Structure formats: structure tokens, C-alpha cells
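With compact mmCIF, N, CA and C atoms inside, this is protein-v2.txt:
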# COMPACT_ATOMS: atom_id res chain seq x y z
N MET T 48 -18.40 15.21 -17.10
CA MET T 48 -19.24 14.33 -16.32
C MET T 48 -18.51 13.03 -15.97
N ILE T 49 -17.81 12.47 -16.96
CA ILE T 49 -17.10 11.22 -16.70
C ILE T 49 -15.99 11.43 -15.67
N TYR T 50 -15.43 12.65 -15.65
CA TYR T 50 -14.39 12.96 -14.67
C TYR T 50 -14.91 12.78 -13.25
N PHE T 51 -16.11 13.23 -12.97
CA PHE T 51 -16.65 13.13 -11.61
C PHE T 51 -16.96 11.69 -11.22
N TYR T 52 -17.42 10.89 -12.18
CA TYR T 52 -17.64 9.47 -11.90
C TYR T 52 -16.31 8.77 -11.62
N LEU T 53 -15.30 9.10 -12.42
CA LEU T 53 -13.97 8.53 -12.18
C LEU T 53 -13.42 8.96 -10.83
N LYS T 54 -13.66 10.20 -10.47
CA LYS T 54 -13.18 10.70 -9.19
C LYS T 54 -13.83 9.95 -8.03
N ILE T 55 -15.12 9.69 -8.14
CA ILE T 55 -15.82 8.93 -7.10
C ILE T 55 -15.25 7.51 -7.01
N LEU T 56 -15.06 6.86 -8.18
CA LEU T 56 -14.48 5.51 -8.19
C LEU T 56 -13.05 5.52 -7.66
N HIS T 57 -12.31 6.57 -7.97
CA HIS T 57 -10.94 6.72 -7.49
C HIS T 57 -10.92 6.83 -5.96
N ILE T 58 -11.81 7.60 -5.42
CA ILE T 58 -11.88 7.77 -3.96
C ILE T 58 -12.35 6.48 -3.29
N LEU T 59 -13.33 5.81 -3.88
CA LEU T 59 -13.80 4.54 -3.31
C LEU T 59 -12.71 3.47 -3.35
N SER T 60 -11.97 3.39 -4.44
CA SER T 60 -10.90 2.39 -4.50
C SER T 60 -9.77 2.74 -3.54
N ALA T 61 -9.51 4.04 -3.35
CA ALA T 61 -8.50 4.44 -2.36
C ALA T 61 -8.95 4.03 -0.97
N SER T 62 -10.24 4.16 -0.71
CA SER T 62 -10.77 3.73 0.59
C SER T 62 -10.60 2.23 0.78
N CYS T 63 -10.82 1.47 -0.27
CA CYS T 63 -10.64 0.01 -0.18
C CYS T 63 -9.18 -0.35 0.09
N VAL T 64 -8.25 0.32 -0.60
CA VAL T 64 -6.83 0.06 -0.39
C VAL T 64 -6.42 0.40 1.04
N LEU T 65 -6.80 1.59 1.50
CA LEU T 65 -6.42 2.01 2.85
C LEU T 65 -7.06 1.15 3.93
N THR T 66 -8.33 0.81 3.75
CA THR T 66 -9.00 -0.03 4.73
C THR T 66 -8.37 -1.41 4.78
N SER T 67 -8.05 -1.95 3.63
CA SER T 67 -7.43 -3.27 3.57
C SER T 67 -6.04 -3.25 4.19
N MET T 68 -5.29 -2.19 3.95
CA MET T 68 -3.96 -2.08 4.56
C MET T 68 -4.06 -1.95 6.08
N MET T 69 -5.02 -1.18 6.54
CA MET T 69 -5.19 -1.03 7.99
C MET T 69 -5.63 -2.34 8.63
N TYR T 70 -6.52 -3.06 7.96
CA TYR T 70 -6.95 -4.36 8.47
C TYR T 70 -5.77 -5.33 8.52
N SER T 71 -4.95 -5.32 7.47
CA SER T 71 -3.76 -6.17 7.45
C SER T 71 -2.79 -5.78 8.56
N PHE T 72 -2.67 -4.49 8.82
CA PHE T 72 -1.81 -4.03 9.91
C PHE T 72 -2.30 -4.56 11.25
N HIS T 73 -3.61 -4.49 11.47
CA HIS T 73 -4.16 -4.99 12.73
C HIS T 73 -4.01 -6.50 12.84
N LEU T 74 -4.14 -7.20 11.72
CA LEU T 74 -3.86 -8.64 11.74
C LEU T 74 -2.41 -8.90 12.11
N TRP T 75 -1.51 -8.14 11.50
CA TRP T 75 -0.08 -8.29 11.75
C TRP T 75 0.25 -8.04 13.22
N ARG T 76 -0.41 -7.05 13.81
CA ARG T 76 -0.17 -6.74 15.23
C ARG T 76 -0.62 -7.88 16.15
N SER T 77 -1.55 -8.69 15.68
CA SER T 77 -2.07 -9.77 16.52
C SER T 77 -1.28 -11.08 16.37
N ILE T 78 -0.21 -11.04 15.60
CA ILE T 78 0.59 -12.26 15.39
C ILE T 78 1.34 -12.62 16.66
N ASP T 79 1.25 -13.90 17.01
CA ASP T 79 2.14 -14.45 18.03
C ASP T 79 2.78 -15.69 17.41
N GLY T 80 3.52 -16.42 18.16
CA GLY T 80 4.26 -17.55 17.62
C GLY T 80 3.40 -18.66 17.06
N HIS T 81 2.16 -18.76 17.52
CA HIS T 81 1.32 -19.88 17.14
C HIS T 81 0.49 -19.64 15.88
N ASN T 82 0.16 -18.38 15.61
CA ASN T 82 -0.74 -18.11 14.49
C ASN T 82 -0.07 -17.37 13.34
N LEU T 83 1.25 -17.34 13.30
CA LEU T 83 1.97 -16.60 12.26
C LEU T 83 1.62 -17.08 10.87
N VAL T 84 1.62 -18.37 10.66
CA VAL T 84 1.38 -18.91 9.32
C VAL T 84 -0.03 -18.56 8.85
N THR T 85 -1.02 -18.74 9.69
CA THR T 85 -2.40 -18.45 9.32
C THR T 85 -2.61 -16.98 9.00
N ILE T 86 -2.11 -16.11 9.85
CA ILE T 86 -2.30 -14.67 9.63
C ILE T 86 -1.49 -14.19 8.44
N ALA T 87 -0.29 -14.71 8.28
CA ALA T 87 0.53 -14.32 7.12
C ALA T 87 -0.17 -14.70 5.81
N GLN T 88 -0.78 -15.86 5.78
CA GLN T 88 -1.51 -16.27 4.58
C GLN T 88 -2.72 -15.38 4.34
N ARG T 89 -3.40 -14.98 5.39
CA ARG T 89 -4.54 -14.07 5.24
C ARG T 89 -4.10 -12.71 4.69
N ILE T 90 -2.98 -12.21 5.20
CA ILE T 90 -2.48 -10.91 4.73
C ILE T 90 -2.04 -11.01 3.28
N GLN T 91 -1.37 -12.10 2.93
CA GLN T 91 -0.93 -12.28 1.54
C GLN T 91 -2.12 -12.41 0.60
N LYS T 92 -3.15 -13.13 1.01
CA LYS T 92 -4.34 -13.28 0.19
C LYS T 92 -5.04 -11.94 0.03
N GLN T 93 -5.12 -11.18 1.10
CA GLN T 93 -5.76 -9.87 1.04
C GLN T 93 -4.98 -8.93 0.12
N THR T 94 -3.66 -9.03 0.15
CA THR T 94 -2.84 -8.22 -0.74
C THR T 94 -3.11 -8.58 -2.20
N ALA T 95 -3.18 -9.87 -2.47
CA ALA T 95 -3.38 -10.31 -3.85
C ALA T 95 -4.79 -10.03 -4.37
N LEU T 96 -5.79 -10.14 -3.51
CA LEU T 96 -7.18 -10.01 -3.97
C LEU T 96 -7.77 -8.62 -3.83
N ILE T 97 -7.25 -7.81 -2.91
CA ILE T 97 -7.85 -6.50 -2.69
C ILE T 97 -6.86 -5.36 -2.94
N ILE T 98 -5.73 -5.40 -2.27
CA ILE T 98 -4.82 -4.25 -2.31
C ILE T 98 -4.25 -4.02 -3.71
N MET T 99 -3.69 -5.05 -4.32
CA MET T 99 -3.06 -4.86 -5.63
C MET T 99 -4.06 -4.52 -6.74
N PRO T 100 -5.19 -5.22 -6.85
CA PRO T 100 -6.14 -4.81 -7.91
C PRO T 100 -6.64 -3.37 -7.75
N PHE T 101 -6.96 -2.99 -6.52
CA PHE T 101 -7.43 -1.62 -6.32
C PHE T 101 -6.32 -0.60 -6.48
N ALA T 102 -5.09 -0.97 -6.17
CA ALA T 102 -3.96 -0.06 -6.40
C ALA T 102 -3.75 0.16 -7.89
N LEU T 103 -3.86 -0.89 -8.68
CA LEU T 103 -3.77 -0.72 -10.14
C LEU T 103 -4.92 0.11 -10.67
N PHE T 104 -6.10 -0.08 -10.09
CA PHE T 104 -7.25 0.72 -10.48
C PHE T 104 -7.01 2.19 -10.12
N GLN T 105 -6.35 2.43 -8.99
CA GLN T 105 -5.99 3.79 -8.59
C GLN T 105 -5.12 4.46 -9.66
N LEU T 106 -4.12 3.73 -10.12
CA LEU T 106 -3.25 4.28 -11.16
C LEU T 106 -4.03 4.58 -12.43
N ALA T 107 -4.86 3.63 -12.84
CA ALA T 107 -5.61 3.81 -14.08
C ALA T 107 -6.56 5.01 -13.99
N THR T 108 -7.31 5.10 -12.92
CA THR T 108 -8.25 6.22 -12.81
C THR T 108 -7.52 7.54 -12.62
N GLY T 109 -6.41 7.50 -11.87
CA GLY T 109 -5.64 8.73 -11.67
C GLY T 109 -5.08 9.28 -12.97
N PHE T 110 -4.48 8.42 -13.78
CA PHE T 110 -3.93 8.87 -15.06
C PHE T 110 -5.04 9.30 -16.02
N THR T 111 -6.18 8.62 -15.97
CA THR T 111 -7.29 9.01 -16.83
C THR T 111 -7.83 10.37 -16.43
N MET T 112 -7.98 10.61 -15.14
CA MET T 112 -8.47 11.92 -14.69
C MET T 112 -7.48 13.03 -15.04
N MET T 113 -6.19 12.75 -14.91
CA MET T 113 -5.19 13.77 -15.29
C MET T 113 -5.26 14.08 -16.78
N SER T 114 -5.50 13.05 -17.58
CA SER T 114 -5.63 13.28 -19.02
C SER T 114 -6.89 14.07 -19.35
N LEU T 115 -7.99 13.74 -18.68
CA LEU T 115 -9.23 14.45 -18.94
C LEU T 115 -9.14 15.93 -18.55
N LYS T 116 -8.46 16.21 -17.46
CA LYS T 116 -8.32 17.61 -17.01
C LYS T 116 -7.14 18.31 -17.66
N ARG T 117 -6.35 17.55 -18.43
CA ARG T 117 -5.17 18.08 -19.13
C ARG T 117 -4.17 18.72 -18.16
N TYR T 118 -3.96 18.05 -17.04
CA TYR T 118 -2.94 18.53 -16.11
C TYR T 118 -1.57 18.30 -16.72
N PRO T 119 -0.65 19.23 -16.53
CA PRO T 119 0.71 19.00 -17.04
C PRO T 119 1.38 17.87 -16.24
N TRP T 120 1.92 16.89 -16.94
CA TRP T 120 2.49 15.70 -16.30
C TRP T 120 3.71 16.04 -15.46
N GLU T 121 4.36 17.16 -15.76
CA GLU T 121 5.56 17.51 -15.01
C GLU T 121 5.26 18.35 -13.76
N SER T 122 4.01 18.51 -13.42
CA SER T 122 3.64 19.25 -12.21
C SER T 122 4.24 18.58 -10.97
N PHE T 123 4.63 19.41 -10.03
CA PHE T 123 5.26 18.91 -8.80
C PHE T 123 4.33 17.99 -8.03
N TRP T 124 3.05 18.34 -7.95
CA TRP T 124 2.12 17.51 -7.17
C TRP T 124 1.89 16.16 -7.83
N ILE T 125 1.95 16.10 -9.17
CA ILE T 125 1.77 14.82 -9.86
C ILE T 125 2.99 13.94 -9.65
N SER T 126 4.18 14.49 -9.85
CA SER T 126 5.39 13.68 -9.66
C SER T 126 5.55 13.28 -8.19
N GLY T 127 5.20 14.18 -7.28
CA GLY T 127 5.26 13.83 -5.86
C GLY T 127 4.27 12.75 -5.47
N SER T 128 3.05 12.85 -6.01
CA SER T 128 2.04 11.84 -5.72
C SER T 128 2.43 10.48 -6.29
N LEU T 129 2.94 10.48 -7.50
CA LEU T 129 3.34 9.22 -8.13
C LEU T 129 4.52 8.59 -7.40
N THR T 130 5.49 9.40 -7.02
CA THR T 130 6.64 8.89 -6.26
C THR T 130 6.19 8.34 -4.91
N SER T 131 5.28 9.03 -4.25
CA SER T 131 4.76 8.57 -2.96
C SER T 131 3.97 7.28 -3.11
N PHE T 132 3.19 7.18 -4.19
CA PHE T 132 2.42 5.96 -4.45
C PHE T 132 3.35 4.77 -4.67
N ILE T 133 4.39 4.98 -5.48
CA ILE T 133 5.36 3.91 -5.74
C ILE T 133 6.07 3.52 -4.45
N THR T 134 6.43 4.50 -3.64
CA THR T 134 7.07 4.21 -2.35
C THR T 134 6.16 3.37 -1.47
N ALA T 135 4.90 3.73 -1.41
CA ALA T 135 3.95 3.00 -0.56
C ALA T 135 3.78 1.56 -1.04
N ILE T 136 3.64 1.36 -2.33
CA ILE T 136 3.42 0.01 -2.86
C ILE T 136 4.67 -0.85 -2.76
N VAL T 137 5.83 -0.29 -3.08
CA VAL T 137 7.08 -1.05 -2.97
C VAL T 137 7.34 -1.41 -1.51
N SER T 138 7.07 -0.50 -0.61
CA SER T 138 7.24 -0.78 0.81
C SER T 138 6.27 -1.87 1.26
N TRP T 139 5.07 -1.86 0.74
CA TRP T 139 4.10 -2.91 1.08
C TRP T 139 4.61 -4.26 0.59
N PHE T 140 5.17 -4.29 -0.62
CA PHE T 140 5.75 -5.54 -1.11
C PHE T 140 6.92 -5.98 -0.23
N GLY T 141 7.72 -5.02 0.25
CA GLY T 141 8.80 -5.34 1.18
C GLY T 141 8.26 -5.94 2.47
N PHE T 142 7.18 -5.38 2.97
CA PHE T 142 6.52 -5.92 4.16
C PHE T 142 6.08 -7.36 3.92
N ILE T 143 5.44 -7.60 2.79
CA ILE T 143 4.97 -8.95 2.46
C ILE T 143 6.16 -9.91 2.32
N TYR T 144 7.25 -9.44 1.72
CA TYR T 144 8.44 -10.27 1.56
C TYR T 144 9.01 -10.68 2.92
N PHE T 145 9.17 -9.70 3.82
CA PHE T 145 9.71 -10.02 5.14
C PHE T 145 8.73 -10.83 5.98
N LEU T 146 7.46 -10.68 5.73
CA LEU T 146 6.46 -11.53 6.38
C LEU T 146 6.62 -12.98 5.92
N LEU T 147 6.87 -13.16 4.64
CA LEU T 147 7.11 -14.49 4.10
C LEU T 147 8.38 -15.10 4.69
N LEU T 148 9.45 -14.29 4.79
CA LEU T 148 10.70 -14.79 5.39
C LEU T 148 10.49 -15.16 6.86
N SER T 149 9.71 -14.37 7.55
CA SER T 149 9.40 -14.67 8.95
C SER T 149 8.62 -15.96 9.07
N GLN T 150 7.71 -16.16 8.14
CA GLN T 150 6.92 -17.40 8.11
C GLN T 150 7.85 -18.60 7.87
N GLN T 151 8.78 -18.47 6.95
CA GLN T 151 9.72 -19.55 6.68
C GLN T 151 10.66 -19.79 7.85
N ALA T 152 11.03 -18.73 8.56
CA ALA T 152 11.91 -18.88 9.73
C ALA T 152 11.20 -19.62 10.85
N THR T 153 9.87 -19.51 10.91
CA THR T 153 9.11 -20.24 11.91
C THR T 153 9.09 -21.73 11.58
N ILE T 154 8.95 -22.02 10.29
CA ILE T 154 8.89 -23.42 9.85
C ILE T 154 10.27 -24.08 9.96
N GLN T 155 11.31 -23.37 9.52
CA GLN T 155 12.68 -23.88 9.57
C GLN T 155 13.52 -22.91 10.40
N PRO T 156 13.58 -23.11 11.70
CA PRO T 156 14.31 -22.17 12.56
C PRO T 156 15.78 -22.06 12.17
N ASN T 157 16.24 -20.81 12.09
CA ASN T 157 17.64 -20.52 11.79
C ASN T 157 18.16 -19.60 12.88
N PRO T 158 19.11 -20.06 13.69
CA PRO T 158 19.57 -19.24 14.82
C PRO T 158 20.29 -17.96 14.39
N SER T 159 20.78 -17.89 13.16
CA SER T 159 21.52 -16.70 12.75
C SER T 159 20.60 -15.51 12.46
N THR T 160 19.33 -15.77 12.12
CA THR T 160 18.37 -14.68 11.88
C THR T 160 17.13 -14.90 12.73
N PRO T 161 17.09 -14.29 13.89
CA PRO T 161 15.92 -14.47 14.77
C PRO T 161 14.68 -13.80 14.18
N ARG T 162 13.51 -14.26 14.62
CA ARG T 162 12.25 -13.70 14.13
C ARG T 162 12.10 -12.23 14.47
N THR T 163 12.70 -11.77 15.54
CA THR T 163 12.58 -10.35 15.91
C THR T 163 13.24 -9.46 14.85
N HIS T 164 14.26 -9.99 14.20
CA HIS T 164 14.92 -9.24 13.12
C HIS T 164 13.92 -8.98 12.00
N TYR T 165 13.17 -10.00 11.60
CA TYR T 165 12.16 -9.83 10.55
C TYR T 165 11.03 -8.93 11.01
N ARG T 166 10.69 -9.00 12.28
CA ARG T 166 9.63 -8.15 12.82
C ARG T 166 10.01 -6.67 12.72
N ARG T 167 11.28 -6.36 13.00
CA ARG T 167 11.74 -4.97 12.89
C ARG T 167 11.73 -4.51 11.43
N LEU T 168 12.16 -5.38 10.53
CA LEU T 168 12.14 -5.03 9.11
C LEU T 168 10.72 -4.82 8.61
N GLN T 169 9.80 -5.64 9.08
CA GLN T 169 8.39 -5.47 8.71
C GLN T 169 7.87 -4.13 9.23
N SER T 170 8.25 -3.78 10.45
CA SER T 170 7.83 -2.49 11.02
C SER T 170 8.36 -1.33 10.19
N CYS T 171 9.61 -1.42 9.77
CA CYS T 171 10.20 -0.36 8.93
C CYS T 171 9.48 -0.24 7.60
N MET T 172 9.15 -1.36 7.00
CA MET T 172 8.43 -1.34 5.71
C MET T 172 7.03 -0.76 5.88
N LEU T 173 6.36 -1.10 6.96
CA LEU T 173 5.03 -0.54 7.21
C LEU T 173 5.11 0.96 7.46
N LEU T 174 6.11 1.40 8.19
CA LEU T 174 6.28 2.83 8.44
C LEU T 174 6.55 3.58 7.14
N LEU T 175 7.42 3.02 6.30
CA LEU T 175 7.72 3.65 5.02
C LEU T 175 6.49 3.69 4.12
N SER T 176 5.70 2.63 4.14
CA SER T 176 4.46 2.61 3.36
C SER T 176 3.48 3.66 3.86
N ALA T 177 3.35 3.78 5.17
CA ALA T 177 2.45 4.79 5.74
C ALA T 177 2.91 6.20 5.40
N LEU T 178 4.22 6.44 5.46
CA LEU T 178 4.74 7.76 5.09
C LEU T 178 4.49 8.06 3.61
N GLY T 179 4.63 7.03 2.77
CA GLY T 179 4.33 7.21 1.35
C GLY T 179 2.88 7.57 1.12
N LEU T 180 1.99 6.88 1.81
CA LEU T 180 0.55 7.18 1.67
C LEU T 180 0.22 8.57 2.19
N LEU T 181 0.81 8.93 3.32
CA LEU T 181 0.56 10.25 3.90
C LEU T 181 1.06 11.36 2.98
N SER T 182 2.25 11.19 2.43
CA SER T 182 2.78 12.23 1.54
C SER T 182 2.00 12.29 0.23
N MET T 183 1.50 11.13 -0.23
CA MET T 183 0.68 11.13 -1.44
C MET T 183 -0.60 11.95 -1.22
N VAL T 184 -1.24 11.74 -0.10
CA VAL T 184 -2.44 12.51 0.23
C VAL T 184 -2.10 14.00 0.34
N PHE T 185 -0.95 14.31 0.94
CA PHE T 185 -0.53 15.71 1.06
C PHE T 185 -0.36 16.35 -0.31
N PHE T 186 0.33 15.65 -1.23
CA PHE T 186 0.55 16.21 -2.56
C PHE T 186 -0.77 16.41 -3.29
N MET T 187 -1.68 15.46 -3.17
CA MET T 187 -2.95 15.58 -3.88
C MET T 187 -3.83 16.67 -3.29
N ALA T 188 -3.76 16.86 -1.99
CA ALA T 188 -4.58 17.88 -1.34
C ALA T 188 -4.04 19.28 -1.61
N ASN T 189 -2.77 19.39 -1.93
CA ASN T 189 -2.13 20.69 -2.14
C ASN T 189 -1.67 20.84 -3.58
N LYS T 190 -2.60 20.63 -4.50
CA LYS T 190 -2.28 20.77 -5.92
C LYS T 190 -1.85 22.20 -6.21
N THR T 191 -0.82 22.31 -7.01
CA THR T 191 -0.39 23.64 -7.46
C THR T 191 -0.41 23.67 -8.96
N GLY T 192 -0.75 24.79 -9.52
CA GLY T 192 -0.77 24.95 -10.95
C GLY T 192 -1.93 24.25 -11.64
N SER T 193 -2.99 23.91 -10.89
CA SER T 193 -4.13 23.26 -11.51
C SER T 193 -5.30 24.24 -11.55
N SER T 194 -6.16 24.03 -12.52
CA SER T 194 -7.31 24.94 -12.64
C SER T 194 -8.52 24.41 -11.94
How would this structure read if it were set down as C-alpha cells?
Amino acid sequence: MIYFYLKILHILSASCVLTSMMYSFHLWRSIDGHNLVTIAQRIQKQTALIIMPFALFQLATGFTMMSLKRYPWESFWISGSLTSFITAIVSWFGFIYFLLLSQQATIQPNPSTPRTHYRRLQSCMLLLSALGLLSMVFFMANKTGSS
């Protein structure tokens, strides 16, 4: 019974993480030269208050559900899901880092690193994060060796 409650909470927290990431992406797409600082701060605050706590909750509920169901930890779908999750979160942190550098470049212009350079790096980090999330969902949807 507790497994099903955890599963519901796990799915709801995943929805919060994905929704928050998509909202941050749409905020990021609306950045122009004048509102970079404001939007960057909103994205950083959203990461700190919503994305990271719910991502940690995802890990906790996921590991608890695996323990309750006694799934073998060395299963391909578990290692693939965990690797994809780590890729998504590390890429998101990379996105936030390059967003911060872009914000600093706006405040203190440096001709050697134009803002478009940071914009491309942010795009790459977002793409890598999206691929990590997509592959994580794929691994979880295609469990093998589970009862």
C-alpha cells in the first residue's frame, strides 16, 4: 500500500520538476538584453526552491520504491535511469552556471567572450538535460527483469 502512495508522490514531484524546468525554459527564451538579470534571478530562485528539492525527493522516493519492490540494483533500467537523472541534473546546473556567467558578462562587458557564446552553451546544457530526462523516462517505461 505504501508503495502506491510513494508512486503517486513520485509522479507528482516529477511533474513539478518537469513543469518548473519547462517554465524556466520559456523564461529563458524570453530573455533580451534588458531583462537578463531579472529573468536569470527568477530562474535561479525557481531552481533553488522548486527544482532541486523535488529532484531530491525524486531520488528518495525512487530508491524507497526500489527497496520496497526488491528490484535488483544492478538492473539495466535502474542504472540507466539513475545515469540519465544525474545527466539531467548536472546539465541543469551547467545551464544555471552559464546563465550566471551571462548575467555577469552583461554587468561587466568583456569583448573576449560575447554573450552569444554563453547563449550557445546554455542551449547545449538545456539540450543535454532534455535528453537525460527523455532517456530516463524511456528506461523507466521499459523496465526489464521486474515483476
Extract, using only C-alpha atoms, all DNA, RNA and protein residues at most 7 Å from range 53-66 of chain T, discarding same-chain residues fewer than 2 positions from it, and format them as an mmCIF file with N, CA and C atoms, in the frame of the given file.
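See out04.cif below for the written result:
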data_model
loop_
_atom_site.group_PDB
_atom_site.id
_atom_site.type_symbol
_atom_site.label_atom_id
_atom_site.label_comp_id
_atom_site.auth_asym_id
_atom_site.auth_seq_id
_atom_site.Cartn_x
_atom_site.Cartn_y
_atom_site.Cartn_z
ATOM 1 N N ILE T 49 -17.810 12.470 -16.960
ATOM 2 C CA ILE T 49 -17.100 11.220 -16.700
ATOM 3 C C ILE T 49 -15.990 11.430 -15.670
ATOM 4 N N TYR T 50 -15.430 12.650 -15.650
ATOM 5 C CA TYR T 50 -14.390 12.960 -14.670
ATOM 6 C C TYR T 50 -14.910 12.780 -13.250
ATOM 7 N N PHE T 51 -16.110 13.230 -12.970
ATOM 8 C CA PHE T 51 -16.650 13.130 -11.610
ATOM 9 C C PHE T 51 -16.960 11.690 -11.220
ATOM 10 N N MET T 68 -5.290 -2.190 3.950
ATOM 11 C CA MET T 68 -3.960 -2.080 4.560
ATOM 12 C C MET T 68 -4.060 -1.950 6.080
ATOM 13 N N MET T 69 -5.020 -1.180 6.540
ATOM 14 C CA MET T 69 -5.190 -1.030 7.990
ATOM 15 C C MET T 69 -5.630 -2.340 8.630
ATOM 16 N N TYR T 70 -6.520 -3.060 7.960
ATOM 17 C CA TYR T 70 -6.950 -4.360 8.470
ATOM 18 C C TYR T 70 -5.770 -5.330 8.520
ATOM 19 N N ILE T 98 -5.730 -5.400 -2.270
ATOM 20 C CA ILE T 98 -4.820 -4.250 -2.310
ATOM 21 C C ILE T 98 -4.250 -4.020 -3.710
ATOM 22 N N PHE T 101 -6.960 -2.990 -6.520
ATOM 23 C CA PHE T 101 -7.430 -1.620 -6.320
ATOM 24 C C PHE T 101 -6.320 -0.600 -6.480
ATOM 25 N N ALA T 102 -5.090 -0.970 -6.170
ATOM 26 C CA ALA T 102 -3.960 -0.060 -6.400
ATOM 27 C C ALA T 102 -3.750 0.160 -7.890
ATOM 28 N N GLN T 105 -6.350 2.430 -8.990
ATOM 29 C CA GLN T 105 -5.990 3.790 -8.590
ATOM 30 C C GLN T 105 -5.120 4.460 -9.660
ATOM 31 N N THR T 108 -7.310 5.100 -12.920
ATOM 32 C CA THR T 108 -8.250 6.220 -12.810
ATOM 33 C C THR T 108 -7.520 7.540 -12.620
ATOM 34 N N MET T 112 -7.980 10.610 -15.140
ATOM 35 C CA MET T 112 -8.470 11.920 -14.690
ATOM 36 C C MET T 112 -7.480 13.030 -15.040
#
**Request:** Determine, counting all atoms listed in the file, which protein, DNA and RNA residues have an atom within 8 Å of an atom of Met187 in chain T; residues of the same chain fewer than 4 positions away are not included. Present the result as a ChimeraX atom specification.
**Result:** /T:124-125,127-128,181-183,191
**Message:** Quick check, in Å to one decimal: how far apart do CA of Met99 in chain T and CA of Gly80 in chain T lie?
**Reply:** 27.5 Å
**Request:** Would you work out the distance separating CA of Pro119 in chain T from atom C of Ser138 in chain T, expressed in Å to one decimal?
**Result:** 28.3 Å
Residues within 12 Å of range 152-155 of chain T, please, as a compact mmCIF listing (two decimals) with N, CA and C atoms, in the frame of the given file. Count only C-alpha atoms; anything in the same chain fewer than 6 positions from it doesn't count.
# COMPACT_ATOMS: atom_id res chain seq x y z
N ASP T 79 1.25 -13.90 17.01
CA ASP T 79 2.14 -14.45 18.03
C ASP T 79 2.78 -15.69 17.41
N GLY T 80 3.52 -16.42 18.16
CA GLY T 80 4.26 -17.55 17.62
C GLY T 80 3.40 -18.66 17.06
N HIS T 81 2.16 -18.76 17.52
CA HIS T 81 1.32 -19.88 17.14
C HIS T 81 0.49 -19.64 15.88
N ASN T 82 0.16 -18.38 15.61
CA ASN T 82 -0.74 -18.11 14.49
C ASN T 82 -0.07 -17.37 13.34
N LEU T 83 1.25 -17.34 13.30
CA LEU T 83 1.97 -16.60 12.26
C LEU T 83 1.62 -17.08 10.87
N VAL T 84 1.62 -18.37 10.66
CA VAL T 84 1.38 -18.91 9.32
C VAL T 84 -0.03 -18.56 8.85
N THR T 85 -1.02 -18.74 9.69
CA THR T 85 -2.40 -18.45 9.32
C THR T 85 -2.61 -16.98 9.00
N ALA T 87 -0.29 -14.71 8.28
CA ALA T 87 0.53 -14.32 7.12
C ALA T 87 -0.17 -14.70 5.81
N PHE T 145 9.17 -9.70 3.82
CA PHE T 145 9.71 -10.02 5.14
C PHE T 145 8.73 -10.83 5.98
N LEU T 146 7.46 -10.68 5.73
CA LEU T 146 6.46 -11.53 6.38
C LEU T 146 6.62 -12.98 5.92
N PRO T 161 17.09 -14.29 13.89
CA PRO T 161 15.92 -14.47 14.77
C PRO T 161 14.68 -13.80 14.18
N ARG T 162 13.51 -14.26 14.62
CA ARG T 162 12.25 -13.70 14.13
C ARG T 162 12.10 -12.23 14.47
N THR T 163 12.70 -11.77 15.54
CA THR T 163 12.58 -10.35 15.91
C THR T 163 13.24 -9.46 14.85
N HIS T 164 14.26 -9.99 14.20
CA HIS T 164 14.92 -9.24 13.12
C HIS T 164 13.92 -8.98 12.00
N TYR T 165 13.17 -10.00 11.60
CA TYR T 165 12.16 -9.83 10.55
C TYR T 165 11.03 -8.93 11.01
N ARG T 166 10.69 -9.00 12.28
CA ARG T 166 9.63 -8.15 12.82
C ARG T 166 10.01 -6.67 12.72
For range 148-157 of chain T, where the input has fewer atoms than it should, I would like N, CA, C and O atoms rebuilt and written as a PDB file, in the frame of the given file.
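Final output, saved to part_29.pdb:
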ATOM      1  N   LEU T 148       9.450 -14.290   4.790  1.00  0.00           N
ATOM      2  CA  LEU T 148      10.700 -14.790   5.390  1.00  0.00           C
ATOM      3  C   LEU T 148      10.490 -15.160   6.860  1.00  0.00           C
ATOM      4  O   LEU T 148      11.035 -16.156   7.342  1.00  0.00           O
ATOM      5  N   SER T 149       9.710 -14.370   7.550  1.00  0.00           N
ATOM      6  CA  SER T 149       9.400 -14.670   8.950  1.00  0.00           C
ATOM      7  C   SER T 149       8.620 -15.960   9.070  1.00  0.00           C
ATOM      8  O   SER T 149       8.854 -16.770   9.972  1.00  0.00           O
ATOM      9  N   GLN T 150       7.710 -16.160   8.140  1.00  0.00           N
ATOM     10  CA  GLN T 150       6.920 -17.400   8.110  1.00  0.00           C
ATOM     11  C   GLN T 150       7.850 -18.600   7.870  1.00  0.00           C
ATOM     12  O   GLN T 150       7.718 -19.634   8.520  1.00  0.00           O
ATOM     13  N   GLN T 151       8.780 -18.470   6.950  1.00  0.00           N
ATOM     14  CA  GLN T 151       9.720 -19.550   6.680  1.00  0.00           C
ATOM     15  C   GLN T 151      10.660 -19.790   7.850  1.00  0.00           C
ATOM     16  O   GLN T 151      11.037 -20.928   8.124  1.00  0.00           O
ATOM     17  N   ALA T 152      11.030 -18.730   8.560  1.00  0.00           N
ATOM     18  CA  ALA T 152      11.910 -18.880   9.730  1.00  0.00           C
ATOM     19  C   ALA T 152      11.200 -19.620  10.850  1.00  0.00           C
ATOM     20  O   ALA T 152      11.847 -20.284  11.663  1.00  0.00           O
ATOM     21  N   THR T 153       9.870 -19.510  10.910  1.00  0.00           N
ATOM     22  CA  THR T 153       9.110 -20.240  11.910  1.00  0.00           C
ATOM     23  C   THR T 153       9.090 -21.730  11.580  1.00  0.00           C
ATOM     24  O   THR T 153       9.196 -22.582  12.451  1.00  0.00           O
ATOM     25  N   ILE T 154       8.950 -22.020  10.290  1.00  0.00           N
ATOM     26  CA  ILE T 154       8.890 -23.420   9.850  1.00  0.00           C
ATOM     27  C   ILE T 154      10.270 -24.080   9.960  1.00  0.00           C
ATOM     28  O   ILE T 154      10.388 -25.204  10.441  1.00  0.00           O
ATOM     29  N   GLN T 155      11.310 -23.370   9.520  1.00  0.00           N
ATOM     30  CA  GLN T 155      12.680 -23.880   9.570  1.00  0.00           C
ATOM     31  C   GLN T 155      13.520 -22.910  10.400  1.00  0.00           C
ATOM     32  O   GLN T 155      14.102 -21.981   9.861  1.00  0.00           O
ATOM     33  N   PRO T 156      13.580 -23.110  11.700  1.00  0.00           N
ATOM     34  CA  PRO T 156      14.310 -22.170  12.560  1.00  0.00           C
ATOM     35  C   PRO T 156      15.780 -22.060  12.170  1.00  0.00           C
ATOM     36  O   PRO T 156      16.456 -23.046  11.935  1.00  0.00           O
ATOM     37  N   ASN T 157      16.240 -20.810  12.090  1.00  0.00           N
ATOM     38  CA  ASN T 157      17.640 -20.520  11.790  1.00  0.00           C
ATOM     39  C   ASN T 157      18.160 -19.600  12.880  1.00  0.00           C
ATOM     40  O   ASN T 157      17.720 -18.464  12.996  1.00  0.00           O
TER      41      ASN T 157
END
